file protein_12.pdb (PDB, C-alpha atoms and all ligand atoms)
ATOM      1  CA  ASP K   1      44.521 133.508 -65.861
ATOM      2  CA  TRP K   2      41.331 131.740 -66.882
ATOM      3  CA  THR K   3      42.237 128.248 -65.684
ATOM      4  CA  SER K   4      42.884 129.652 -62.211
ATOM      5  CA  ASP K   5      39.625 131.582 -62.354
ATOM      6  CA  ILE K   6      37.675 128.453 -63.176
ATOM      7  CA  PHE K   7      39.481 126.449 -60.521
ATOM      8  CA  ILE K   8      38.830 129.108 -57.896
ATOM      9  CA  GLU K   9      35.183 129.516 -58.743
ATOM     10  CA  SER K  10      34.374 125.803 -58.764
ATOM     11  CA  THR K  11      36.480 125.077 -55.670
ATOM     12  CA  ILE K  12      34.731 127.779 -53.663
ATOM     13  CA  GLU K  13      31.358 126.359 -54.732
ATOM     14  CA  ASP K  14      32.427 122.853 -53.678
ATOM     15  CA  LEU K  15      33.819 124.080 -50.370
ATOM     16  CA  LYS K  16      30.598 125.932 -49.577
ATOM     17  CA  LYS K  17      28.563 122.800 -50.232
ATOM     18  CA  LYS K  18      30.918 120.521 -48.355
ATOM     19  CA  LEU K  19      31.490 122.737 -45.310
ATOM     20  CA  GLY K  20      28.171 124.526 -44.891
ATOM     21  CA  ASN K  21      28.272 126.226 -41.487
ATOM     22  CA  ASP K  22      31.027 123.984 -40.134
ATOM     23  CA  LYS K  23      34.213 125.354 -38.609
ATOM     24  CA  VAL K  24      37.637 124.518 -40.013
ATOM     25  CA  VAL K  25      41.031 124.767 -38.300
ATOM     26  CA  LEU K  26      44.146 125.215 -40.438
ATOM     27  CA  GLY K  27      47.815 125.583 -39.522
ATOM     28  CA  LEU K  28      49.574 128.308 -41.494
ATOM     29  CA  SER K  29      53.307 127.935 -42.070
ATOM     30  CA  GLY K  30      54.133 131.102 -43.993
ATOM     31  CA  GLY K  31      54.620 128.986 -47.094
ATOM     32  CA  VAL K  32      52.802 129.037 -50.409
ATOM     33  CA  ASP K  33      50.556 125.984 -50.021
ATOM     34  CA  SER K  34      49.020 126.629 -46.614
ATOM     35  CA  SER K  35      48.506 130.308 -47.504
ATOM     36  CA  VAL K  36      46.687 129.601 -50.762
ATOM     37  CA  ALA K  37      44.579 126.875 -49.125
ATOM     38  CA  ALA K  38      43.630 129.282 -46.328
ATOM     39  CA  VAL K  39      42.598 132.080 -48.672
ATOM     40  CA  LEU K  40      40.446 129.706 -50.751
ATOM     41  CA  ILE K  41      38.686 128.246 -47.724
ATOM     42  CA  HIS K  42      38.269 131.746 -46.292
ATOM     43  CA  LYS K  43      36.576 132.862 -49.506
ATOM     44  CA  ALA K  44      34.121 130.010 -49.079
ATOM     45  CA  ILE K  45      33.342 130.143 -45.351
ATOM     46  CA  GLY K  46      34.802 133.425 -44.020
ATOM     47  CA  LYS K  47      35.265 133.606 -40.262
ATOM     48  CA  ASN K  48      34.423 129.944 -39.812
ATOM     49  CA  LEU K  49      37.979 129.288 -40.936
ATOM     50  CA  HIS K  50      40.248 129.498 -37.897
ATOM     51  CA  CYS K  51      43.935 129.720 -38.785
ATOM     52  CA  ILE K  52      46.769 129.055 -36.376
ATOM     53  CA  PHE K  53      50.304 130.296 -36.926
ATOM     54  CA  VAL K  54      52.862 128.998 -34.432
ATOM     55  CA  ASP K  55      56.109 130.760 -33.590
ATOM     56  CA  ASN K  56      58.443 127.848 -32.879
ATOM     57  CA  GLY K  57      61.414 130.158 -32.309
ATOM     58  CA  LEU K  58      63.117 128.579 -35.319
ATOM     59  CA  LEU K  59      61.826 130.871 -38.036
ATOM     60  CA  ARG K  60      63.834 133.414 -40.021
ATOM     61  CA  LYS K  61      64.510 136.842 -38.553
ATOM     62  CA  ASN K  62      61.245 138.856 -38.153
ATOM     63  CA  GLU K  63      59.384 136.129 -40.037
ATOM     64  CA  TYR K  64      56.749 135.580 -37.374
ATOM     65  CA  GLU K  65      55.769 139.251 -37.115
ATOM     66  CA  ASP K  66      55.929 139.908 -40.878
ATOM     67  CA  VAL K  67      53.995 136.865 -41.948
ATOM     68  CA  LEU K  68      51.373 137.257 -39.223
ATOM     69  CA  ALA K  69      50.834 140.865 -40.299
ATOM     70  CA  SER K  70      50.447 139.896 -43.933
ATOM     71  CA  TYR K  71      47.929 137.166 -43.037
ATOM     72  CA  GLN K  72      45.947 139.674 -41.021
ATOM     73  CA  GLY K  73      46.150 142.063 -43.953
ATOM     74  CA  MET K  74      44.498 139.414 -46.121
ATOM     75  CA  GLY K  75      41.534 139.372 -43.745
ATOM     76  CA  LEU K  76      42.233 135.865 -42.446
ATOM     77  CA  ASN K  77      40.975 134.928 -39.013
ATOM     78  CA  VAL K  78      44.427 133.984 -37.699
ATOM     79  CA  LYS K  79      45.715 133.367 -34.211
ATOM     80  CA  GLY K  80      49.444 133.737 -33.627
ATOM     81  CA  VAL K  81      50.826 131.505 -30.899
ATOM     82  CA  ASP K  82      54.191 132.334 -29.368
ATOM     83  CA  ALA K  83      55.488 128.920 -28.323
ATOM     84  CA  LYS K  84      59.210 129.675 -28.658
ATOM     85  CA  GLN K  85      60.142 128.695 -25.141
ATOM     86  CA  ARG K  86      58.350 125.354 -25.309
ATOM     87  CA  PHE K  87      60.321 124.431 -28.410
ATOM     88  CA  TYR K  88      63.631 125.585 -26.907
ATOM     89  CA  ASP K  89      62.914 123.598 -23.738
ATOM     90  CA  ALA K  90      62.126 120.461 -25.728
ATOM     91  CA  LEU K  91      65.274 120.880 -27.824
ATOM     92  CA  ALA K  92      67.657 121.567 -24.967
ATOM     93  CA  GLY K  93      70.623 119.215 -25.141
ATOM     94  CA  LEU K  94      69.425 117.333 -28.239
ATOM     95  CA  GLU K  95      72.129 116.992 -30.885
ATOM     96  CA  GLU K  96      70.946 114.310 -33.243
ATOM     97  CA  PRO K  97      68.975 115.542 -36.307
ATOM     98  CA  GLU K  98      66.122 113.046 -36.105
ATOM     99  CA  ALA K  99      65.807 113.552 -32.351
ATOM    100  CA  LYS K 100      65.477 117.297 -32.973
ATOM    101  CA  ARG K 101      62.858 116.723 -35.670
ATOM    102  CA  LYS K 102      60.854 114.441 -33.381
ATOM    103  CA  ALA K 103      60.957 116.895 -30.489
ATOM    104  CA  ILE K 104      59.822 119.743 -32.733
ATOM    105  CA  GLY K 105      57.051 117.618 -34.256
ATOM    106  CA  LYS K 106      55.804 116.635 -30.823
ATOM    107  CA  VAL K 107      55.670 120.179 -29.440
ATOM    108  CA  PHE K 108      53.992 121.402 -32.612
ATOM    109  CA  ILE K 109      51.302 118.745 -32.286
ATOM    110  CA  ASP K 110      50.715 119.553 -28.621
ATOM    111  CA  VAL K 111      50.473 123.293 -29.289
ATOM    112  CA  PHE K 112      48.242 122.835 -32.321
ATOM    113  CA  ASP K 113      46.022 120.364 -30.518
ATOM    114  CA  ALA K 114      45.575 122.692 -27.537
ATOM    115  CA  GLU K 115      44.735 125.597 -29.857
ATOM    116  CA  SER K 116      42.231 123.613 -31.874
ATOM    117  CA  HIS K 117      40.489 122.571 -28.657
ATOM    118  CA  ARG K 118      39.776 126.249 -28.044
ATOM    119  CA  ILE K 119      37.704 126.425 -31.198
ATOM    120  CA  GLU K 120      34.266 125.337 -30.162
ATOM    121  CA  ASP K 121      32.766 122.526 -32.208
ATOM    122  CA  VAL K 122      35.414 122.517 -34.945
ATOM    123  CA  LYS K 123      34.664 119.816 -37.517
ATOM    124  CA  TRP K 124      37.402 119.985 -40.141
ATOM    125  CA  LEU K 125      41.169 120.168 -40.489
ATOM    126  CA  GLY K 126      42.178 122.274 -43.500
ATOM    127  CA  GLN K 127      45.478 121.398 -45.177
ATOM    128  CA  GLY K 128      47.573 122.777 -48.012
ATOM    129  CA  THR K 129      48.416 119.312 -49.368
ATOM    130  CA  ILE K 130      49.285 119.509 -53.085
ATOM    131  CA  TYR K 131      49.257 116.739 -55.679
ATOM    132  CA  PRO K 132      52.936 115.761 -55.385
ATOM    133  CA  ASP K 133      52.436 115.285 -51.610
ATOM    134  CA  VAL K 134      49.564 112.936 -52.350
ATOM    135  CA  ILE K 135      51.452 110.751 -54.819
ATOM    136  CA  GLU K 136      54.734 110.910 -52.999
ATOM    137  CA  SER K 137      54.061 109.600 -49.535
ATOM    138  CA  VAL K 138      57.687 108.436 -49.705
ATOM    139  CA  SER K 139      58.792 111.918 -48.593
ATOM    140  CA  VAL K 140      60.232 110.704 -45.328
ATOM    141  CA  LYS K 141      61.111 114.089 -43.926
ATOM    142  CA  GLY K 142      57.889 116.009 -44.570
ATOM    143  CA  PRO K 143      55.957 117.504 -41.653
ATOM    144  CA  SER K 144      53.047 115.087 -42.000
ATOM    145  CA  ALA K 145      55.473 112.170 -41.927
ATOM    146  CA  THR K 146      56.943 113.605 -38.758
ATOM    147  CA  ILE K 147      53.472 113.774 -37.291
ATOM    148  CA  LYS K 148      52.727 110.201 -38.311
ATOM    149  CA  SER K 149      55.969 108.720 -37.053
ATOM    150  CA  HIS K 150      55.567 110.512 -33.771
ATOM    151  CA  HIS K 151      52.010 109.461 -33.173
ATOM    152  CA  ASN K 152      52.394 105.778 -33.793
ATOM    153  CA  VAL K 153      52.683 105.630 -30.032
ATOM    154  CA  GLY K 154      50.017 106.977 -27.734
ATOM    155  CA  GLY K 155      47.201 107.423 -30.250
ATOM    156  CA  LEU K 156      46.296 110.297 -32.513
ATOM    157  CA  PRO K 157      45.848 113.815 -31.162
ATOM    158  CA  ASP K 158      42.254 114.995 -31.461
ATOM    159  CA  PHE K 159      42.805 117.391 -34.353
ATOM    160  CA  MET K 160      44.009 114.496 -36.475
ATOM    161  CA  LYS K 161      40.647 112.792 -36.010
ATOM    162  CA  LEU K 162      38.890 115.704 -37.735
ATOM    163  CA  LYS K 163      37.630 115.368 -41.281
ATOM    164  CA  VAL K 164      40.232 116.654 -43.699
ATOM    165  CA  VAL K 165      39.666 119.297 -46.363
ATOM    166  CA  GLU K 166      42.475 119.726 -48.918
ATOM    167  CA  PRO K 167      41.402 122.073 -51.733
ATOM    168  CA  LEU K 168      44.793 121.972 -53.502
ATOM    169  CA  ASN K 169      45.305 118.236 -53.666
ATOM    170  CA  THR K 170      44.922 118.072 -57.453
ATOM    171  CA  LEU K 171      47.372 120.887 -58.213
ATOM    172  CA  PHE K 172      51.097 121.113 -58.896
ATOM    173  CA  LYS K 173      53.193 123.827 -57.287
ATOM    174  CA  ASP K 174      53.166 126.212 -60.256
ATOM    175  CA  GLU K 175      49.386 125.878 -60.474
ATOM    176  CA  VAL K 176      49.108 126.678 -56.777
ATOM    177  CA  ARG K 177      51.194 129.822 -57.373
ATOM    178  CA  ASN K 178      48.949 130.861 -60.276
ATOM    179  CA  VAL K 179      45.855 130.352 -58.168
ATOM    180  CA  GLY K 180      47.486 132.370 -55.389
ATOM    181  CA  ARG K 181      48.297 135.169 -57.825
ATOM    182  CA  THR K 182      44.743 135.255 -59.127
ATOM    183  CA  LEU K 183      43.545 135.390 -55.511
ATOM    184  CA  GLY K 184      45.741 138.461 -54.998
ATOM    185  CA  ILE K 185      48.201 136.920 -52.510
ATOM    186  CA  SER K 186      51.442 138.903 -52.385
ATOM    187  CA  GLU K 187      54.551 137.839 -54.319
ATOM    188  CA  ASN K 188      56.383 137.948 -51.020
ATOM    189  CA  ILE K 189      54.450 134.846 -49.964
ATOM    190  CA  LEU K 190      54.017 133.198 -53.384
ATOM    191  CA  GLY K 191      57.630 133.549 -54.467
ATOM    192  CA  ARG K 192      59.314 132.460 -51.274
ATOM    193  CA  HIS K 193      61.818 129.640 -51.170
ATOM    194  CA  PRO K 194      60.771 126.409 -49.478
ATOM    195  CA  PHE K 195      61.599 126.392 -45.784
ATOM    196  CA  PRO K 196      61.710 123.190 -43.730
ATOM    197  CA  GLY K 197      59.171 122.642 -40.951
ATOM    198  CA  PRO K 198      61.897 122.227 -38.279
ATOM    199  CA  GLY K 199      63.297 125.528 -39.513
ATOM    200  CA  LEU K 200      66.663 126.734 -38.310
ATOM    201  CA  ALA K 201      66.933 123.774 -35.923
ATOM    202  CA  ILE K 202      68.290 121.610 -38.738
ATOM    203  CA  ARG K 203      70.645 124.395 -39.853
ATOM    204  CA  ILE K 204      72.290 124.662 -36.454
ATOM    205  CA  LEU K 205      74.396 121.538 -36.357
ATOM    206  CA  GLY K 206      74.292 119.953 -32.940
ATOM    207  CA  ASP K 207      72.349 121.363 -30.003
ATOM    208  CA  ILE K 208      70.099 124.396 -30.187
ATOM    209  CA  THR K 209      70.208 127.450 -27.955
ATOM    210  CA  PRO K 210      68.318 130.740 -28.384
ATOM    211  CA  GLU K 211      71.721 132.462 -28.742
ATOM    212  CA  LYS K 212      72.690 130.248 -31.672
ATOM    213  CA  VAL K 213      69.297 130.852 -33.266
ATOM    214  CA  ALA K 214      69.844 134.610 -32.962
ATOM    215  CA  ILE K 215      73.275 134.387 -34.635
ATOM    216  CA  LEU K 216      71.970 132.256 -37.480
ATOM    217  CA  GLN K 217      68.958 134.547 -38.002
ATOM    218  CA  GLU K 218      71.317 137.506 -38.527
ATOM    219  CA  VAL K 219      73.532 135.582 -40.944
ATOM    220  CA  ASP K 220      70.569 134.158 -42.862
ATOM    221  CA  SER K 221      68.923 137.551 -43.110
ATOM    222  CA  ILE K 222      72.055 139.174 -44.578
ATOM    223  CA  PHE K 223      72.318 136.364 -47.142
ATOM    224  CA  ILE K 224      68.624 136.317 -48.136
ATOM    225  CA  ASN K 225      68.273 140.105 -48.286
ATOM    226  CA  GLY K 226      71.522 140.215 -50.264
ATOM    227  CA  LEU K 227      70.102 137.745 -52.785
ATOM    228  CA  LYS K 228      66.981 139.882 -53.074
ATOM    229  CA  SER K 229      68.814 143.180 -53.544
ATOM    230  CA  ALA K 230      71.161 141.638 -56.102
ATOM    231  CA  GLY K 231      68.180 140.320 -58.082
ATOM    232  CA  LEU K 232      69.341 136.736 -57.524
ATOM    233  CA  TYR K 233      66.619 135.480 -55.190
ATOM    234  CA  ASN K 234      64.275 134.249 -57.914
ATOM    235  CA  GLN K 235      67.041 132.385 -59.743
ATOM    236  CA  VAL K 236      67.690 130.316 -56.632
ATOM    237  CA  TRP K 237      65.368 127.470 -55.630
ATOM    238  CA  GLN K 238      66.358 127.484 -51.976
ATOM    239  CA  ALA K 239      68.994 129.276 -49.939
ATOM    240  CA  GLY K 240      70.019 129.544 -46.342
ATOM    241  CA  ALA K 241      72.865 129.524 -43.878
ATOM    242  CA  ILE K 242      74.184 126.802 -41.615
ATOM    243  CA  LEU K 243      75.814 127.371 -38.250
ATOM    244  CA  LEU K 244      78.658 124.900 -37.871
ATOM    245  CA  PRO K 245      79.719 123.437 -34.520
ATOM    246  CA  VAL K 246      83.257 124.560 -35.232
ATOM    247  CA  ASN K 247      85.340 127.473 -34.003
ATOM    248  CA  SER K 248      88.141 128.829 -36.125
ATOM    249  CA  VAL K 249      90.947 131.259 -35.477
ATOM    250  CA  GLY K 250      90.783 134.765 -36.891
ATOM    251  CA  VAL K 251      92.234 138.224 -36.272
ATOM    252  CA  MET K 252      90.364 141.378 -35.399
ATOM    253  CA  GLY K 253      92.638 144.438 -34.991
ATOM    254  CA  ASP K 254      95.466 143.117 -32.797
ATOM    255  CA  GLU K 255      93.275 140.487 -31.239
ATOM    256  CA  ARG K 256      93.161 136.820 -31.997
ATOM    257  CA  THR K 257      89.583 135.581 -32.273
ATOM    258  CA  TYR K 258      88.252 132.055 -31.942
ATOM    259  CA  GLU K 259      84.730 132.121 -33.256
ATOM    260  CA  LYS K 260      82.023 130.347 -35.223
ATOM    261  CA  VAL K 261      82.075 129.304 -38.876
ATOM    262  CA  VAL K 262      78.949 129.590 -41.031
ATOM    263  CA  ALA K 263      78.274 127.923 -44.353
ATOM    264  CA  LEU K 264      76.087 129.444 -47.048
ATOM    265  CA  ARG K 265      74.002 127.128 -49.218
ATOM    266  CA  ALA K 266      72.106 128.032 -52.393
ATOM    267  CA  VAL K 267      70.737 125.494 -54.851
ATOM    268  CA  THR K 268      68.795 125.239 -58.061
ATOM    269  CA  SER K 269      66.278 122.425 -58.290
ATOM    270  CA  VAL K 270      62.879 121.500 -59.664
ATOM    271  CA  ASP K 271      61.415 119.553 -56.779
ATOM    272  CA  GLY K 272      64.158 119.222 -54.172
ATOM    273  CA  MET K 273      64.813 115.586 -55.062
ATOM    274  CA  THR K 274      67.973 116.514 -56.934
ATOM    275  CA  ALA K 275      69.751 119.862 -56.745
ATOM    276  CA  ASP K 276      72.781 121.692 -58.097
ATOM    277  CA  TRP K 277      74.771 124.200 -56.106
ATOM    278  CA  CYS K 278      74.264 127.708 -57.466
ATOM    279  CA  HIS K 279      77.155 129.379 -59.223
ATOM    280  CA  LEU K 280      76.581 132.683 -57.447
ATOM    281  CA  PRO K 281      78.907 135.483 -58.569
ATOM    282  CA  TYR K 282      82.202 135.628 -56.602
ATOM    283  CA  GLU K 283      81.737 139.356 -56.140
ATOM    284  CA  PHE K 284      78.371 138.788 -54.511
ATOM    285  CA  LEU K 285      79.690 136.009 -52.257
ATOM    286  CA  GLY K 286      82.600 138.238 -51.233
ATOM    287  CA  ASP K 287      80.303 141.117 -50.308
ATOM    288  CA  ILE K 288      77.987 138.876 -48.303
ATOM    289  CA  SER K 289      80.893 137.263 -46.495
ATOM    290  CA  ASN K 290      82.303 140.672 -45.521
ATOM    291  CA  GLU K 291      78.955 141.901 -44.342
ATOM    292  CA  ILE K 292      78.378 138.795 -42.208
ATOM    293  CA  ILE K 293      81.803 138.899 -40.597
ATOM    294  CA  ASN K 294      81.594 142.642 -39.962
ATOM    295  CA  LYS K 295      78.083 142.672 -38.575
ATOM    296  CA  VAL K 296      77.447 139.375 -36.840
ATOM    297  CA  LYS K 297      79.178 139.066 -33.518
ATOM    298  CA  GLY K 298      80.520 135.569 -32.899
ATOM    299  CA  VAL K 299      81.190 134.681 -36.547
ATOM    300  CA  ASN K 300      84.650 135.084 -38.069
ATOM    301  CA  ARG K 301      84.571 132.808 -41.113
ATOM    302  CA  VAL K 302      82.158 132.121 -43.988
ATOM    303  CA  VAL K 303      82.347 129.181 -46.394
ATOM    304  CA  TYR K 304      80.218 128.344 -49.448
ATOM    305  CA  ASP K 305      78.787 124.864 -49.964
ATOM    306  CA  ILE K 306      79.586 123.616 -53.500
ATOM    307  CA  SER K 307      78.023 120.166 -53.182
ATOM    308  CA  SER K 308      75.181 118.942 -55.327
ATOM    309  CA  LYS K 309      72.402 116.495 -54.461
ATOM    310  CA  PRO K 310      72.969 113.604 -54.730
ATOM    311  CA  PRO K 311      75.128 112.660 -52.974
ATOM    312  CA  ALA K 312      74.907 115.641 -50.613
ATOM    313  CA  THR K 313      71.454 116.657 -49.391
ATOM    314  CA  ILE K 314      70.231 120.247 -49.483
ATOM    315  CA  GLU K 315      70.102 120.529 -45.705
ATOM    316  CA  TRP K 316      73.113 119.545 -43.630
ATOM    317  CA  GLU K 317      70.996 117.606 -41.159
TER     318      GLU K 317
HETATM  319  P1  LIG K 401      67.186 117.432 -48.310
HETATM  320  O1  LIG K 401      68.028 117.970 -47.204
HETATM  321  O2  LIG K 401      66.584 116.106 -48.000
HETATM  322  O3  LIG K 401      65.970 118.448 -48.469
HETATM  323  O4  LIG K 401      67.893 117.412 -49.622
HETATM  324  C1  LIG K 401      65.041 118.399 -49.535
HETATM  325  C2  LIG K 401      63.967 119.443 -49.237
HETATM  326  O5  LIG K 401      63.239 119.053 -48.061
HETATM  327  C3  LIG K 401      63.331 120.065 -47.080
HETATM  328  N1  LIG K 401      63.410 119.402 -45.775
HETATM  329  C4  LIG K 401      62.409 119.353 -44.878
HETATM  330  N2  LIG K 401      61.172 119.878 -44.925
HETATM  331  N3  LIG K 401      60.750 118.997 -42.771
HETATM  332  C5  LIG K 401      60.347 119.697 -43.858
HETATM  333  O6  LIG K 401      59.213 120.192 -43.849
HETATM  334  C6  LIG K 401      61.981 118.440 -42.662
HETATM  335  O7  LIG K 401      62.323 117.822 -41.662
HETATM  336  C7  LIG K 401      62.851 118.637 -43.791
HETATM  337  N4  LIG K 401      64.115 118.236 -44.053
HETATM  338  C8  LIG K 401      64.445 118.725 -45.263
HETATM  339  C9  LIG K 401      64.570 120.852 -47.419
HETATM  340  O8  LIG K 401      64.519 122.167 -46.873
HETATM  341  C10 LIG K 401      64.544 120.819 -48.928
HETATM  342  O9  LIG K 401      63.653 121.796 -49.447
END
call {"tool": "encode", "arguments": {"input": "protein_12.pdb", "output": "structure tokens"}}
result
Amino acid sequence: DWTSDIFIESTIEDLKKKLGNDKVVLGLSGGVDSSVAAVLIHKAIGKNLHCIFVDNGLLRKNEYEDVLASYQGMGLNVKGVDAKQRFYDALAGLEEPEAKRKAIGKVFIDVFDAESHRIEDVKWLGQGTIYPDVIESVSVKGPSATIKSHHNVGGLPDFMKLKVVEPLNTLFKDEVRNVGRTLGISENILGRHPFPGPGLAIRILGDITPEKVAILQEVDSIFINGLKSAGLYNQVWQAGAILLPVNSVGVMGDERTYEKVVALRAVTSVDGMTADWCHLPYEFLGDISNEIINKVKGVNRVVYDISSKPPATIEWE
């Protein structure tokens, strides 16, 4: 649409003037904002934009490979960094949600800092900050807040001393999507549900192991793909699965089982501040539950979260 066209044209002009021949480093998350910011900056300065996409081992099933491939398909200069083991090591034995968030934030900063040091003479940090992030620095759980709270001790990492370029900081989410559409970014990236920075770590209640991550990835993938095939994905604001630290008794053939319980969560919302649980069709929930229990080893019970926010939060941790 024309407003996006005008925005894109004038932003690219501004970015060219501001950045000249300087190099920019930008962390991609797979989400809408960082992707649109990256494509805009790339249009202005091409290969001088260096993107970094970190596999923290807490992403959805196949997410790292799929998203990396689609970034490469867009012509972005992107480096994928497999840091799974470093995150798992840092998380080992941690059970408390904020402790997990801090550990993840710290490893992310270390990995990102090391990667940005490899880019010779980088001058700028590109960010997908949008207008609501600017006005709402009260968002206690956001990734930048995690970074800030972590780095109150020990000084800032070097990449945080770079000059910041935030081409989307006057836009609302729907405007960012429109700009992304006009830029030709795929619906698969533009239409995706929000996904928290700490990823599946805050959907595995209690301590994290690679085995638990693998179980939750299977469950989550059945649920999300089910929503997509049933045409329900776009009616839901955010959805996911939670691995509970509970075993329950079941039967399989003549055998008694004692296995994990998972909860499914789907909400409608405008901005995540308040949310209603989605009245997904019983038929659909029944099919998904059967598929999960039949296919995912180690899970014998599925429950559906019917709590709204407030007083419940969207995430369980
Ligand atoms: P809650 O659970 O607070 O979630 O109702 C509201 C929105 O915030 C997301 N969320 C996070 N995002 N880092 C993030 O980047 C976090 O630590 C975090 N915790 C919650 C959540 O997924 C929902 O969209």
call {"tool": "closest_atom_pairs", "arguments": {"input": "protein_12.pdb", "of": "chain K", "to": "ligand LIG 401 (chain K)", "cutoff": "7 Å", "atoms": "only C-alpha atoms and all ligand atoms", "output": "JSON lines"}}
result
{"residue": "K:Arg101", "atom": "CA", "partner": "K:LIG401", "partner_atom": "O7", "distance": 6.1}
{"residue": "K:Lys141", "atom": "CA", "partner": "K:LIG401", "partner_atom": "O7", "distance": 4.5}
{"residue": "K:Gly142", "atom": "CA", "partner": "K:LIG401", "partner_atom": "O6", "distance": 4.4}
{"residue": "K:Pro143", "atom": "CA", "partner": "K:LIG401", "partner_atom": "O6", "distance": 4.8}
{"residue": "K:Pro194", "atom": "CA", "partner": "K:LIG401", "partner_atom": "O9", "distance": 5.4}
{"residue": "K:Phe195", "atom": "CA", "partner": "K:LIG401", "partner_atom": "O8", "distance": 5.3}
{"residue": "K:Pro196", "atom": "CA", "partner": "K:LIG401", "partner_atom": "N2", "distance": 3.6}
{"residue": "K:Gly197", "atom": "CA", "partner": "K:LIG401", "partner_atom": "O6", "distance": 3.8}
{"residue": "K:Pro198", "atom": "CA", "partner": "K:LIG401", "partner_atom": "O7", "distance": 5.6}
{"residue": "K:Gln238", "atom": "CA", "partner": "K:LIG401", "partner_atom": "O9", "distance": 6.8}
{"residue": "K:Gly272", "atom": "CA", "partner": "K:LIG401", "partner_atom": "C1", "distance": 4.8}
{"residue": "K:Met273", "atom": "CA", "partner": "K:LIG401", "partner_atom": "C1", "distance": 6.2}
{"residue": "K:Lys309", "atom": "CA", "partner": "K:LIG401", "partner_atom": "O4", "distance": 6.7}
{"residue": "K:Thr313", "atom": "CA", "partner": "K:LIG401", "partner_atom": "O4", "distance": 3.6}
{"residue": "K:Ile314", "atom": "CA", "partner": "K:LIG401", "partner_atom": "O4", "distance": 3.7}
{"residue": "K:Glu315", "atom": "CA", "partner": "K:LIG401", "partner_atom": "O1", "distance": 3.6}
{"residue": "K:Trp316", "atom": "CA", "partner": "K:LIG401", "partner_atom": "O1", "distance": 6.4}
{"residue": "K:Glu317", "atom": "CA", "partner": "K:LIG401", "partner_atom": "O1", "distance": 6.7}
call {"tool": "resolve_selection", "arguments": {"input": "protein_12.pdb", "expression": "the PyMOL selection byres (((chain K and resi 96) around 9) and not hetatm)", "output": "PyMOL selection string"}}
result
chain K and resi 94-95+97-101+205-207+317
call {"tool": "axis_aligned_box", "arguments": {"input": "protein_12.pdb", "around": "stretch 258-267 of chain K", "padding_each_side": "6 Å", "output": "lines of an AutoDock Vina configuration file"}}
result
center_x = 79.5
center_y = 128.8
center_z = -43.4
size_x = 29.5
size_y = 18.6
size_z = 34.9
call {"tool": "residues_near_point", "arguments": {"input": "protein_12.pdb", "point": "(77.9, 134.2, -42.4)", "cutoff": "9 Å", "atoms": "only C-alpha atoms", "output": "list in words"}}
result
Leu216, Glu218, Val219, Asp220, Ile222, Phe223, Ala241, Ile242, Leu243, Val261, Val262, Ala263, Leu264, Ile288, Ser289, Asn290, Glu291, Ile292, Ile293, Val296, Val299, Asn300, Arg301, Val302 and Val303 of chain K
call {"tool": "resolve_selection", "arguments": {"input": "protein_12.pdb", "expression": "the PyMOL selection byres (((chain K and resi 36) around 9) and not hetatm)", "output": "ChimeraX atom specification"}}
result
/K:31-35,37-41,128,168,176-177,179-180,183,185,190
call {"tool": "closest_atom_pairs", "arguments": {"input": "protein_12.pdb", "of": "stretch 163-267 of chain K", "to": "stretch 122-126 of chain K", "cutoff": "9 Å", "atoms": "only C-alpha atoms", "output": "JSON lines"}}
result
{"residue": "K:Lys163", "atom": "CA", "partner": "K:Trp124", "partner_atom": "CA", "distance": 4.8}
{"residue": "K:Val164", "atom": "CA", "partner": "K:Leu125", "partner_atom": "CA", "distance": 4.9}
{"residue": "K:Val165", "atom": "CA", "partner": "K:Gly126", "partner_atom": "CA", "distance": 4.8}
{"residue": "K:Glu166", "atom": "CA", "partner": "K:Gly126", "partner_atom": "CA", "distance": 6.0}
{"residue": "K:Pro167", "atom": "CA", "partner": "K:Gly126", "partner_atom": "CA", "distance": 8.3}
call {"tool": "residues_around", "arguments": {"input": "protein_12.pdb", "residues": "stretch 47-56 of chain K", "least_positions_apart": "2", "cutoff": "6 Å", "atoms": "only C-alpha atoms", "output": "number ranges by chain"}}
result
K: 23-28, 42, 45, 58, 77-84, 87
call {"tool": "decode", "arguments": {"input": "protein_12.pdb", "residues": "stretch 125-131 of chain K", "atoms": "N, CA and C atoms", "output": "PDB file, in the first residue's frame"}}
result
ATOM      1  N   LEU K 125      24.555  -0.976  15.937  1.00  0.00           N
ATOM      2  CA  LEU K 125      23.708  -2.107  16.322  1.00  0.00           C
ATOM      3  C   LEU K 125      22.313  -1.844  15.757  1.00  0.00           C
ATOM      4  N   GLY K 126      21.857  -2.699  14.860  1.00  0.00           N
ATOM      5  CA  GLY K 126      20.515  -2.561  14.293  1.00  0.00           C
ATOM      6  C   GLY K 126      19.516  -3.281  15.192  1.00  0.00           C
ATOM      7  N   GLN K 127      18.343  -2.666  15.409  1.00  0.00           N
ATOM      8  CA  GLN K 127      17.338  -3.318  16.242  1.00  0.00           C
ATOM      9  C   GLN K 127      15.937  -3.146  15.677  1.00  0.00           C
ATOM     10  N   GLY K 128      15.097  -4.140  15.926  1.00  0.00           N
ATOM     11  CA  GLY K 128      13.729  -4.108  15.418  1.00  0.00           C
ATOM     12  C   GLY K 128      12.746  -3.474  16.398  1.00  0.00           C
ATOM     13  N   THR K 129      13.238  -2.585  17.244  1.00  0.00           N
ATOM     14  CA  THR K 129      12.375  -1.901  18.220  1.00  0.00           C
ATOM     15  C   THR K 129      11.197  -1.220  17.522  1.00  0.00           C
ATOM     16  N   ILE K 130       9.981  -1.456  18.000  1.00  0.00           N
ATOM     17  CA  ILE K 130       8.810  -0.774  17.427  1.00  0.00           C
ATOM     18  C   ILE K 130       8.274   0.231  18.450  1.00  0.00           C
ATOM     19  N   TYR K 131       7.332   1.059  18.000  1.00  0.00           N
ATOM     20  CA  TYR K 131       6.878   2.167  18.849  1.00  0.00           C
ATOM     21  C   TYR K 131       6.392   1.732  20.239  1.00  0.00           C
TER      22      TYR K 131
END
